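Undergrad: CSV, C-alpha atoms, saved as final.csv, coming up:
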```csv
chain,number,residue,atom,x,y,z
J,1,MET,CA,156.2,134.8,118.6
J,2,GLY,CA,153.3,135.0,116.3
J,3,HIS,CA,149.8,136.0,117.2
J,4,PRO,CA,148.0,133.3,119.3
J,5,GLN,CA,145.5,132.6,116.6
J,6,GLU,CA,148.2,131.9,114.1
J,7,ARG,CA,149.1,128.9,116.2
J,8,ARG,CA,145.8,127.3,115.7
J,9,ARG,CA,146.0,124.2,113.6
J,10,ALA,CA,143.1,123.2,111.4
J,11,GLY,CA,144.2,119.7,110.8
J,12,GLY,CA,146.7,118.6,113.5
J,13,GLY,CA,150.4,119.2,113.8
J,14,ARG,CA,153.3,118.3,111.5
J,15,ARG,CA,157.0,119.0,112.1
J,16,HIS,CA,160.0,119.8,109.9
J,17,GLY,CA,163.0,117.6,110.1
J,18,ASP,CA,164.6,119.9,112.7
J,19,GLY,CA,161.6,119.5,115.0
J,20,ARG,CA,159.9,122.8,114.4
J,21,ALA,CA,156.2,122.6,114.4
J,22,VAL,CA,154.3,123.3,111.2
J,23,TYR,CA,150.8,124.8,111.7
J,24,GLY,CA,148.0,124.3,109.2
J,25,PRO,CA,146.0,121.6,107.5
J,26,PRO,CA,147.8,118.5,106.3
J,27,ALA,CA,148.8,118.2,102.7
J,28,TYR,CA,146.4,116.2,100.6
J,29,GLY,CA,148.8,115.8,97.7
J,30,GLY,CA,147.2,112.6,96.2
J,31,ALA,CA,143.7,113.9,96.3
J,32,ARG,CA,144.7,117.2,94.9
J,33,ARG,CA,146.5,115.6,92.0
J,34,PHE,CA,143.5,113.3,91.3
J,35,ILE,CA,141.1,116.3,91.2
J,36,ARG,CA,143.4,118.1,88.8
J,37,ALA,CA,143.5,115.2,86.5
J,38,LEU,CA,139.8,114.4,86.7
J,39,PRO,CA,138.4,116.8,84.0
J,40,PRO,CA,140.7,115.7,81.2
J,41,LEU,CA,140.4,112.1,82.2
J,42,ILE,CA,136.6,112.4,82.0
J,43,ILE,CA,136.8,113.9,78.5
J,44,VAL,CA,139.3,111.2,77.3
J,45,GLY,CA,137.2,108.5,78.9
J,46,GLY,CA,134.1,110.0,77.1
J,47,VAL,CA,135.8,109.9,73.8
J,48,ALA,CA,136.9,106.3,74.3
J,49,TYR,CA,133.4,105.3,75.4
J,50,ASP,CA,131.8,106.9,72.4
J,51,VAL,CA,134.2,105.3,70.0
J,52,ALA,CA,133.9,101.9,71.5
J,53,THR,CA,130.1,101.8,71.7
J,54,PRO,CA,127.3,101.9,69.0
J,55,PRO,CA,126.2,105.3,67.8
J,56,GLU,CA,123.0,105.2,69.9
J,57,TYR,CA,125.2,105.4,73.0
J,58,THR,CA,126.4,108.9,73.8
J,59,ALA,CA,129.1,110.3,76.1
J,60,ALA,CA,127.4,113.7,76.4
J,61,PRO,CA,126.9,113.3,80.2
J,62,LEU,CA,130.6,112.9,80.7
J,63,PHE,CA,131.4,115.9,78.5
J,64,SER,CA,129.0,117.9,80.5
J,65,ALA,CA,130.4,116.7,83.8
J,66,ALA,CA,134.0,117.8,83.0
J,67,PRO,CA,133.6,121.6,83.2
J,68,LEU,CA,131.2,121.3,86.2
J,69,ILE,CA,134.0,119.4,88.1
J,70,ALA,CA,136.6,122.0,87.0
J,71,ALA,CA,134.4,125.0,88.1
J,72,PRO,CA,134.9,124.9,91.9
J,73,PHE,CA,138.6,123.8,91.8
J,74,PHE,CA,140.2,125.6,88.9
J,75,SER,CA,140.7,129.1,87.6
J,76,THR,CA,138.3,130.7,85.2
J,77,LEU,CA,140.7,130.1,82.2
J,78,THR,CA,141.1,126.4,83.0
J,79,THR,CA,137.3,126.0,83.4
J,80,LEU,CA,136.8,127.8,80.0
J,81,LEU,CA,139.4,125.6,78.3
J,82,THR,CA,137.8,122.5,79.8
J,83,GLY,CA,134.4,123.6,78.5
J,84,ILE,CA,135.9,124.2,75.0
J,85,ALA,CA,137.6,120.8,75.0
J,86,ALA,CA,134.3,119.2,76.0
J,87,VAL,CA,132.3,120.9,73.2
J,88,LEU,CA,135.0,120.1,70.6
J,89,ALA,CA,135.1,116.5,71.7
J,90,SER,CA,131.3,116.3,71.3
J,91,VAL,CA,131.4,117.9,67.9
J,92,GLY,CA,134.4,115.8,66.7
J,93,LEU,CA,132.7,112.6,67.7
J,94,HIS,CA,129.5,113.4,65.9
J,95,VAL,CA,131.6,114.2,62.8
J,96,TYR,CA,133.5,111.0,63.2
J,97,ASN,CA,130.2,109.1,63.5
J,98,GLY,CA,128.6,110.9,60.6
J,99,THR,CA,125.8,112.2,62.7
J,100,ALA,CA,126.8,115.9,62.9
J,101,ASP,CA,123.7,117.1,61.0
J,102,GLU,CA,121.2,115.1,63.0
J,103,ILE,CA,118.9,116.8,65.6
J,104,PRO,CA,120.0,114.6,68.6
J,105,ALA,CA,123.7,115.5,67.8
J,106,LEU,CA,122.9,119.2,67.8
J,107,THR,CA,120.9,118.9,71.0
J,108,GLU,CA,123.8,117.1,72.7
J,109,THR,CA,126.4,119.6,71.6
J,110,LEU,CA,124.1,122.5,72.7
J,111,THR,CA,123.7,120.8,76.1
J,112,VAL,CA,127.4,120.5,76.6
J,113,ALA,CA,127.9,124.1,75.6
J,114,THR,CA,125.2,125.3,78.0
J,115,VAL,CA,126.6,123.3,80.9
J,116,SER,CA,130.1,124.7,80.1
J,117,ALA,CA,128.6,128.3,80.3
J,118,LEU,CA,127.0,127.4,83.6
J,119,ALA,CA,130.3,126.1,84.8
J,120,LEU,CA,131.9,129.4,84.1
J,121,LEU,CA,129.2,131.1,86.1
J,122,ILE,CA,129.7,128.7,89.0
J,123,ASN,CA,133.4,129.3,88.8
J,124,ARG,CA,132.9,133.0,89.1
J,125,VAL,CA,130.5,132.7,92.0
J,126,VAL,CA,132.9,130.4,93.9
J,127,ARG,CA,135.8,132.7,93.3
J,128,ARG,CA,133.9,135.7,94.6
J,129,SER,CA,132.8,133.8,97.6
J,130,GLY,CA,136.4,132.7,98.3
J,131,GLU,CA,137.5,136.3,98.0
J,132,ARG,CA,134.8,137.5,100.5
J,133,LEU,CA,135.7,134.7,102.9
J,134,ALA,CA,139.4,135.6,102.7
J,135,SER,CA,138.5,139.3,103.4
J,136,ALA,CA,136.3,138.2,106.3
J,137,ARG,CA,139.1,136.2,107.8
J,138,VAL,CA,141.5,139.2,107.5
J,139,ILE,CA,139.0,141.4,109.2
J,140,ALA,CA,138.3,138.9,111.9
J,141,GLU,CA,142.0,138.4,112.6
J,142,THR,CA,142.6,142.1,112.7
J,143,ALA,CA,139.7,142.5,115.2
J,144,GLN,CA,141.1,139.6,117.3
J,145,LYS,CA,144.6,141.3,117.4
J,146,ALA,CA,143.0,144.6,118.4
J,147,VAL,CA,140.8,143.1,121.1
J,148,LEU,CA,143.3,140.4,122.3
J,149,PRO,CA,146.9,141.6,121.4
J,150,THR,CA,149.8,139.3,121.7
J,151,PRO,CA,151.8,139.7,124.9
J,152,ALA,CA,155.5,140.5,124.5
J,153,GLU,CA,157.9,137.5,124.9
J,154,ARG,CA,159.5,139.2,127.9
J,155,ILE,CA,157.5,141.3,130.4
J,156,GLY,CA,159.0,142.7,133.6
J,157,GLY,CA,161.9,140.2,133.5
J,158,LEU,CA,159.5,137.3,132.9
J,159,GLN,CA,159.3,135.0,129.9
J,160,CYS,CA,155.8,135.0,128.4
J,161,ALA,CA,153.8,133.0,125.9
J,162,ALA,CA,150.1,132.9,125.0
J,163,ARG,CA,147.8,130.9,122.8
J,164,TYR,CA,144.2,131.2,121.6
J,165,GLU,CA,142.9,127.9,120.3
J,166,ALA,CA,139.5,128.3,118.7
J,167,ALA,CA,137.2,125.2,118.7
J,168,GLN,CA,135.6,126.2,115.4
J,169,ALA,CA,137.9,126.0,112.3
J,170,ASP,CA,138.7,129.4,110.9
J,171,ALA,CA,137.3,131.2,113.9
J,172,PHE,CA,139.3,134.1,115.2
J,173,ILE,CA,137.1,135.7,117.8
J,174,GLY,CA,135.6,134.2,120.9
J,175,GLY,CA,134.8,134.7,124.6
J,176,ASP,CA,138.1,133.7,126.1
J,177,LEU,CA,140.6,136.4,127.0
J,178,PHE,CA,144.0,137.1,128.4
J,179,ALA,CA,146.1,140.3,129.0
J,180,VAL,CA,149.5,140.9,130.6
J,181,GLN,CA,150.8,144.3,131.6
J,182,ASP,CA,154.0,145.6,133.3
J,183,THR,CA,152.8,148.2,135.8
J,184,PRO,CA,154.4,150.2,138.6
J,185,HIS,CA,153.0,147.6,141.0
J,186,GLY,CA,154.6,144.7,139.1
J,187,VAL,CA,153.4,142.5,136.3
J,188,ARG,CA,149.7,142.1,136.4
J,189,LEU,CA,147.5,139.8,134.3
J,190,VAL,CA,144.0,138.5,133.7
J,191,VAL,CA,142.8,135.4,132.1
J,192,GLY,CA,139.0,134.9,131.8
J,193,ASP,CA,136.1,133.3,130.0
J,194,VAL,CA,133.0,135.4,129.1
J,195,ARG,CA,129.6,133.7,129.2
J,196,GLY,CA,128.1,133.3,125.8
J,197,LYS,CA,129.3,133.3,122.2
J,198,GLY,CA,129.4,135.6,119.2
J,199,MET,CA,129.6,139.3,119.1
J,200,ASP,CA,128.1,139.8,122.6
J,201,ALA,CA,130.9,137.8,124.1
J,202,VAL,CA,133.5,139.8,122.0
J,203,GLU,CA,132.0,143.0,123.3
J,204,ALA,CA,132.3,141.8,126.9
J,205,VAL,CA,135.9,140.7,126.2
J,206,ALA,CA,136.7,144.2,124.9
J,207,VAL,CA,135.1,145.7,128.1
J,208,VAL,CA,137.1,143.5,130.4
J,209,ILE,CA,140.4,144.0,128.6
J,210,GLY,CA,139.9,147.8,128.4
J,211,ALA,CA,139.0,148.0,132.1
J,212,PHE,CA,141.9,145.8,133.1
J,213,ARG,CA,144.4,147.9,131.1
J,214,GLU,CA,143.3,151.1,132.9
J,215,ALA,CA,142.9,149.6,136.4
J,216,ALA,CA,146.2,147.7,136.3
J,217,GLU,CA,148.0,151.0,136.0
J,218,GLN,CA,145.9,153.0,138.5
J,219,GLU,CA,144.8,150.6,141.3
J,220,ARG,CA,147.2,150.1,144.2
J,221,SER,CA,145.9,146.6,145.0
J,222,LEU,CA,144.9,143.6,142.9
J,223,GLU,CA,141.6,143.6,144.8
J,224,GLY,CA,141.0,147.1,143.5
J,225,VAL,CA,141.6,145.9,139.9
J,226,ALA,CA,139.0,143.1,140.4
J,227,GLN,CA,136.5,145.6,141.7
J,228,ARG,CA,137.1,147.8,138.7
J,229,LEU,CA,136.4,144.9,136.4
J,230,GLU,CA,133.2,144.1,138.4
J,231,ARG,CA,131.9,147.6,138.0
J,232,ALA,CA,132.7,147.7,134.3
J,233,LEU,CA,130.8,144.5,133.6
J,234,THR,CA,127.9,145.7,135.7
J,235,ARG,CA,127.7,148.8,133.5
J,236,GLU,CA,127.9,146.6,130.4
J,237,GLY,CA,125.1,144.4,131.7
J,238,THR,CA,122.7,147.4,131.9
J,239,ARG,CA,123.1,147.9,128.2
J,240,ARG,CA,122.1,144.3,127.3
J,241,GLU,CA,118.7,143.1,126.6
J,242,GLY,CA,116.9,139.9,127.6
J,243,LEU,CA,118.6,137.1,129.4
J,244,ASP,CA,122.1,138.6,129.0
J,245,ALA,CA,121.1,141.6,131.0
J,246,PHE,CA,120.6,139.4,134.1
J,247,GLU,CA,122.9,136.4,133.6
J,248,GLY,CA,126.0,137.9,131.9
J,249,PHE,CA,129.2,137.0,133.8
J,250,THR,CA,132.9,136.3,133.3
J,251,THR,CA,135.0,133.8,135.2
J,252,ALA,CA,138.5,135.3,135.7
J,253,VAL,CA,141.7,134.9,137.5
J,254,LEU,CA,143.8,138.0,138.2
J,255,ALA,CA,147.4,137.8,139.3
J,256,GLU,CA,150.1,140.2,140.4
J,257,ILE,CA,153.8,139.4,140.3
J,258,PRO,CA,155.7,142.0,142.4
J,259,ARG,CA,159.2,143.1,141.4
J,260,ALA,CA,161.5,140.9,143.3
J,261,GLU,CA,164.4,143.3,143.1
J,262,SER,CA,162.4,146.2,144.7
J,263,GLU,CA,160.4,144.3,147.2
J,264,GLY,CA,162.8,141.5,148.1
J,265,GLU,CA,160.2,138.8,147.6
J,266,GLU,CA,159.5,136.0,145.1
J,267,SER,CA,155.8,135.5,145.2
J,268,ILE,CA,152.5,135.9,143.3
J,269,ARG,CA,149.2,137.4,144.4
J,270,ILE,CA,146.1,135.9,143.0
J,271,VAL,CA,142.4,136.8,143.0
J,272,ASN,CA,140.2,134.0,141.6
J,273,ARG,CA,136.7,134.8,140.5
J,274,GLY,CA,135.2,131.4,139.7
J,275,HIS,CA,137.9,130.4,137.2
J,276,PRO,CA,139.9,127.2,136.9
J,277,PRO,CA,142.9,127.4,139.2
J,278,PRO,CA,146.3,128.2,137.7
J,279,LEU,CA,149.2,125.7,137.9
J,280,LEU,CA,152.7,126.3,139.1
J,281,LEU,CA,155.3,124.1,137.5
J,282,TYR,CA,158.6,123.9,139.4
J,283,VAL,CA,162.1,123.6,137.9
J,284,ASP,CA,162.4,120.0,139.1
J,285,GLY,CA,159.1,118.8,137.5
J,286,GLY,CA,156.9,119.2,140.6
J,287,LEU,CA,153.6,120.9,140.3
J,288,ASP,CA,151.1,122.9,142.5
J,289,VAL,CA,147.5,123.5,141.8
J,290,LEU,CA,146.8,127.0,143.1
J,291,ASP,CA,143.3,126.5,144.3
J,292,PRO,CA,141.7,129.5,146.0
J,293,ALA,CA,141.2,129.1,149.8
J,294,GLU,CA,137.7,130.5,149.5
J,295,PRO,CA,135.6,130.1,146.3
J,296,ALA,CA,134.2,133.4,144.8
J,297,LEU,CA,131.5,134.2,142.3
J,298,PRO,CA,132.5,135.2,138.7
J,299,LEU,CA,132.8,138.9,137.7
J,300,GLY,CA,129.5,140.5,136.9
J,301,MET,CA,127.6,138.6,139.7
J,302,GLY,CA,128.6,140.8,142.6
J,303,GLU,CA,124.9,141.7,143.3
J,304,LEU,CA,124.3,138.0,144.4
J,305,ALA,CA,126.8,138.1,147.2
J,306,ALA,CA,128.7,140.8,149.0
J,307,TRP,CA,132.1,140.0,150.3
J,308,PRO,CA,135.4,141.7,149.6
J,309,ASP,CA,138.0,140.2,147.3
J,310,ARG,CA,141.1,139.0,149.1
J,311,ALA,CA,144.3,138.4,147.2
J,312,GLU,CA,146.1,135.1,148.1
J,313,GLU,CA,149.8,135.1,148.1
J,314,ARG,CA,151.8,132.1,147.0
J,315,PRO,CA,155.5,131.4,146.5
J,316,TYR,CA,156.8,131.9,143.0
J,317,PRO,CA,160.5,130.7,143.0
J,318,PRO,CA,163.0,131.3,140.3
J,319,GLY,CA,162.8,128.8,137.5
J,320,ALA,CA,159.1,128.1,138.0
J,321,THR,CA,156.4,128.6,135.3
J,322,LEU,CA,152.9,129.7,135.9
J,323,LEU,CA,150.2,128.3,133.6
J,324,PHE,CA,146.8,130.1,133.3
J,325,TYR,CA,144.0,128.6,131.2
J,326,THR,CA,140.3,128.6,130.5
J,327,ASP,CA,137.9,125.7,130.8
J,328,GLY,CA,138.3,124.8,127.2
J,329,LEU,CA,141.4,123.0,128.4
J,330,SER,CA,140.1,121.3,131.6
J,331,GLU,CA,136.8,120.4,129.9
J,332,ALA,CA,138.3,118.9,126.7
J,333,ARG,CA,137.0,115.3,126.4
J,334,ASN,CA,138.2,112.2,124.7
J,335,ALA,CA,136.1,109.7,122.9
J,336,GLU,CA,135.1,108.1,126.2
J,337,GLY,CA,134.0,111.4,127.7
J,338,VAL,CA,137.0,111.7,130.1
J,339,PHE,CA,138.0,115.3,130.8
J,340,TYR,CA,141.6,116.4,130.2
J,341,ASP,CA,143.5,116.9,133.5
J,342,PRO,CA,146.3,119.3,132.9
J,343,ALA,CA,147.7,118.8,136.4
J,344,SER,CA,148.2,115.1,136.0
J,345,ARG,CA,149.5,115.4,132.5
J,346,LEU,CA,152.1,118.0,133.3
J,347,ALA,CA,153.3,116.7,136.7
J,348,GLY,CA,156.9,115.5,136.4
J,349,ARG,CA,157.5,117.2,133.1
J,350,ILE,CA,160.2,119.8,132.5
J,351,PHE,CA,160.0,122.4,129.7
J,352,PRO,CA,162.7,124.8,128.5
J,353,GLY,CA,160.3,127.8,128.6
J,354,PRO,CA,156.6,128.9,128.3
J,355,GLU,CA,156.6,128.7,124.5
J,356,GLU,CA,157.5,125.0,124.6
J,357,LEU,CA,155.1,124.3,127.4
J,358,LEU,CA,152.2,125.6,125.4
J,359,ASP,CA,153.3,123.9,122.2
J,360,ALA,CA,153.4,120.6,124.1
J,361,LEU,CA,150.1,121.2,125.9
J,362,VAL,CA,148.2,122.0,122.7
J,363,ASP,CA,149.6,118.9,121.0
J,364,ASP,CA,148.6,116.8,124.0
J,365,VAL,CA,145.1,118.1,124.1
J,366,ARG,CA,144.7,117.3,120.4
J,367,LEU,CA,145.9,113.8,121.1
J,368,HIS,CA,143.5,113.5,124.0
J,369,THR,CA,140.5,114.7,122.0
J,370,GLY,CA,141.4,113.2,118.7
J,371,GLY,CA,141.7,116.6,117.1
J,372,GLY,CA,138.3,117.9,118.0
J,373,SER,CA,137.1,120.4,120.7
J,374,THR,CA,133.8,121.9,121.6
J,375,ASP,CA,135.1,125.1,123.3
J,376,ASP,CA,137.7,127.7,122.8
J,377,MET,CA,140.9,127.5,124.8
J,378,ALA,CA,143.1,130.4,126.0
J,379,LEU,CA,146.5,129.7,127.5
J,380,LEU,CA,149.0,132.0,129.2
J,381,ALA,CA,152.3,130.9,130.6
J,382,LEU,CA,154.9,133.0,132.5
J,383,SER,CA,158.3,131.8,133.6
J,384,ARG,CA,160.6,133.4,136.1
J,385,PRO,CA,164.2,132.6,135.0
J,386,ALA,CA,166.6,131.5,137.7
J,387,ALA,CA,170.0,133.0,138.1
J,388,GLY,CA,172.4,131.3,135.6
J,389,GLN,CA,169.5,129.3,134.1
J,390,PRO,CA,170.2,128.7,130.4
J,391,GLU,CA,167.7,130.2,128.0
J,392,ARG,CA,166.7,126.8,126.6
J,393,ARG,CA,166.9,123.2,127.8
J,394,ARG,CA,166.4,120.1,125.8
J,395,THR,CA,163.0,118.3,126.5
J,396,MET,CA,160.3,116.2,124.9
J,397,PRO,CA,158.4,118.3,122.3
J,398,VAL,CA,155.1,116.5,123.1
J,399,VAL,CA,153.7,115.8,126.6
J,400,PRO,CA,153.8,112.0,127.2
J,401,PRO,CA,151.3,110.4,129.5
J,402,ALA,CA,152.1,111.1,133.1
J,403,PRO,CA,153.3,107.9,135.0
J,404,PRO,CA,150.7,106.7,137.5
J,405,GLY,CA,151.2,107.9,141.1
J,406,ARG,CA,153.9,110.4,140.2
J,407,PRO,CA,153.8,112.9,143.0
J,408,GLY,CA,154.1,116.6,142.6
J,409,HIS,CA,154.3,119.4,145.1
J,410,GLN,CA,151.2,119.9,147.1
J,411,ALA,CA,149.6,123.3,147.5
```
Represent the supplied structure as structure tokens.

TA:
Amino acid sequence: MGHPQERRRAGGGRRHGDGRAVYGPPAYGGARRFIRALPPLIIVGGVAYDVATPPEYTAAPLFSAAPLIAAPFFSTLTTLLTGIAAVLASVGLHVYNGTADEIPALTETLTVATVSALALLINRVVRRSGERLASARVIAETAQKAVLPTPAERIGGLQCAARYEAAQADAFIGGDLFAVQDTPHGVRLVVGDVRGKGMDAVEAVAVVIGAFREAAEQERSLEGVAQRLERALTREGTRREGLDAFEGFTTAVLAEIPRAESEGEESIRIVNRGHPPPLLLYVDGGLDVLDPAEPALPLGMGELAAWPDRAEERPYPPGATLLFYTDGLSEARNAEGVFYDPASRLAGRIFPGPEELLDALVDDVRLHTGGGSTDDMALLALSRPAAGQPERRRTMPVVPPAPPGRPGHQA
């Protein structure tokens, strides 16, 4: 499984003939071919125009436009050759018309040569900017992988998949987070959403992930892990200035999946701190929304209310899949302003594994929103394979609309 950010699609999904998804912008073959042909077509058109019109009409503007069009789209050599061709066309036409020694002809040729030189300069600037942008993307992706590493495909006997879908094209870093860790207490995880954007949010993500990695190994209870995260964010808040020093917080859901073979149980423990509730998808297509019995404030807001965290225990049978997500999923809107409802869209659907679930979910959200989104979206899915369950089952690659009134399991 690639890094979550590598799954982000800038222009919608395409698929190979074998059904595998292709991620990336759609191919604009016709437009690309037209742009490549445009500079020589302009020069040829300028020659034809100059030959077909009286001498007082000139094609110098067309000859000047050709290298300018080539500059942002072609290599330096191609831009240079286009400029040379434009200058030679201008000179050749003046020789053909017998006006090569006239002042206007010299002025036109000098203008085309000057514009061609400027086109070379523009080409160089564009290429340098492209190189810097590519370098920035590499740095951002590296930082994203360091702050938000990809979970393994199998953790503690569970199948795992994760996605980070950025709302902004070419963005790698945001305030959504997830982490999964196999610990002596079972598989523990956190999914959260930091208030704010930019580097402040990234710093808070790093704080939460770092505190979780340490606390997940050391704390005996899931409640203890939540309190460690609370204290870490409180310390982080004292370092911030202005509004963030008082209003910084992180919605989060923490979960612990005990080892069934050692404890003789098939359950999950959840602490929800103001985060969208996870979903439990059963092997028969039923679905539970794991709402907390008692709402709690987000992490970092412990000073506003004092009550102990209490982990809630829910059944987690073999063959079921847990889906954790941030509000970028549940608050995705379509053109009419209707929010995306993952529970109703997934109820009654069966997926071969967490990877396929997230693929279908991302595709369905893009269909719902028309390809646009205003918020980042983090997704994490964990499946507990049943005894004798095949590794893969055939299913629909994209989530179809849920039939009205289709009942799922009730929490």

Undergrad: Give me, as a PDB file with C-alpha atoms, in the coordinates of the input, all polymer residues having an atom no more than 12 Å from Pro104 of chain J, counting only C-alpha atoms and skipping those fewer than 2 positions away in the same chain.

TA:
```
ATOM      1  CA  PRO J  55     126.200 105.300  67.800  1.00  0.00           C
ATOM      2  CA  GLU J  56     123.000 105.200  69.900  1.00  0.00           C
ATOM      3  CA  TYR J  57     125.200 105.400  73.000  1.00  0.00           C
ATOM      4  CA  THR J  58     126.400 108.900  73.800  1.00  0.00           C
ATOM      5  CA  ALA J  60     127.400 113.700  76.400  1.00  0.00           C
ATOM      6  CA  SER J  90     131.300 116.300  71.300  1.00  0.00           C
ATOM      7  CA  VAL J  91     131.400 117.900  67.900  1.00  0.00           C
ATOM      8  CA  HIS J  94     129.500 113.400  65.900  1.00  0.00           C
ATOM      9  CA  THR J  99     125.800 112.200  62.700  1.00  0.00           C
ATOM     10  CA  ALA J 100     126.800 115.900  62.900  1.00  0.00           C
ATOM     11  CA  ASP J 101     123.700 117.100  61.000  1.00  0.00           C
ATOM     12  CA  GLU J 102     121.200 115.100  63.000  1.00  0.00           C
ATOM     13  CA  LEU J 106     122.900 119.200  67.800  1.00  0.00           C
ATOM     14  CA  THR J 107     120.900 118.900  71.000  1.00  0.00           C
ATOM     15  CA  GLU J 108     123.800 117.100  72.700  1.00  0.00           C
ATOM     16  CA  THR J 109     126.400 119.600  71.600  1.00  0.00           C
ATOM     17  CA  LEU J 110     124.100 122.500  72.700  1.00  0.00           C
ATOM     18  CA  THR J 111     123.700 120.800  76.100  1.00  0.00           C
TER      19      THR J 111
END
```

Undergrad: Work out how far atom CA of Leu379 of chain J is from atom CA of Asp309 of chain J, in Å to one decimal.

TA: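 Atom CA of Leu379 of chain J lies 24.0 Å from atom CA of Asp309 of chain J.
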
Undergrad: Can you work out which one of J:Ile69, J:Val126, J:Ala48, J:Ala105 has the shortest atom-to-atom distance to Phe34 of chain J, counting only C-alpha atoms?

TA: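 The answer is J:Ile69, which sits nearest to Phe34 of chain J.
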
Undergrad: With only C-alpha atoms as the counted atoms, please give the residues lying no more than 8 Å from Leu68 of chain J, apart from itself and same-chain residues fewer than 2 positions off, as a ChimeraX atom specification.

TA: /J:64-66,70-72,115-116,118-119

Undergrad: Using all atoms listed in the file, which of J:Ile103, J:Val180, J:Ala117, J:Ile43 sits nearest Leu80 of chain J?

TA: J:Ala117

Undergrad: Provide the atom CA of Gln227 of chain J to atom CA of Leu254 of chain J distance in Å, to one decimal place.

TA: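 Straight-line distance from atom CA of Gln227 of chain J to atom CA of Leu254 of chain J works out to 11.1 Å.
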
Undergrad: Just the number, please: distance in Å from atom CA of Gly319 of chain J to atom CA of Gln181 of chain J, one decimal.

TA: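 Computing the Euclidean distance for atom CA of Gly319 of chain J and atom CA of Gln181 of chain J yields 20.5 Å.
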
Undergrad: Kindly extract all protein, DNA and RNA residues lying within 12 Å of the coordinates (156.9, 141.6, 126.6) given in the file, considering only C-alpha atoms, and supply them as a PyMOL selection string.

TA: chain J and resi 1+149-162+179-182+187+382

Undergrad: Kindly indicate which residue among J:Ala216, J:Leu297, J:Ala386, J:Ala378 lies nearest to Leu177 of chain J, using all atoms listed in the file for the distances.

TA: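 Selected residue with least distance to Leu177 of chain J: J:Ala378.
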
Undergrad: For Pro184 of chain J, please output as a PyMOL selection string all residues within 12 Å (counting only C-alpha atoms; exclusion window: fewer than 4 positions along the same chain).

TA: chain J and resi 156+188+215-221+256-259+262

Undergrad: Hey, which of J:Glu331, J:Asp193, J:Asp341, J:Glu336 ends up closest to Gly274 of chain J? Count only C-alpha atoms.

TA: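 Comparing J:Glu331, J:Asp193, J:Asp341, J:Glu336 against Gly274 of chain J, the winner is J:Asp193.
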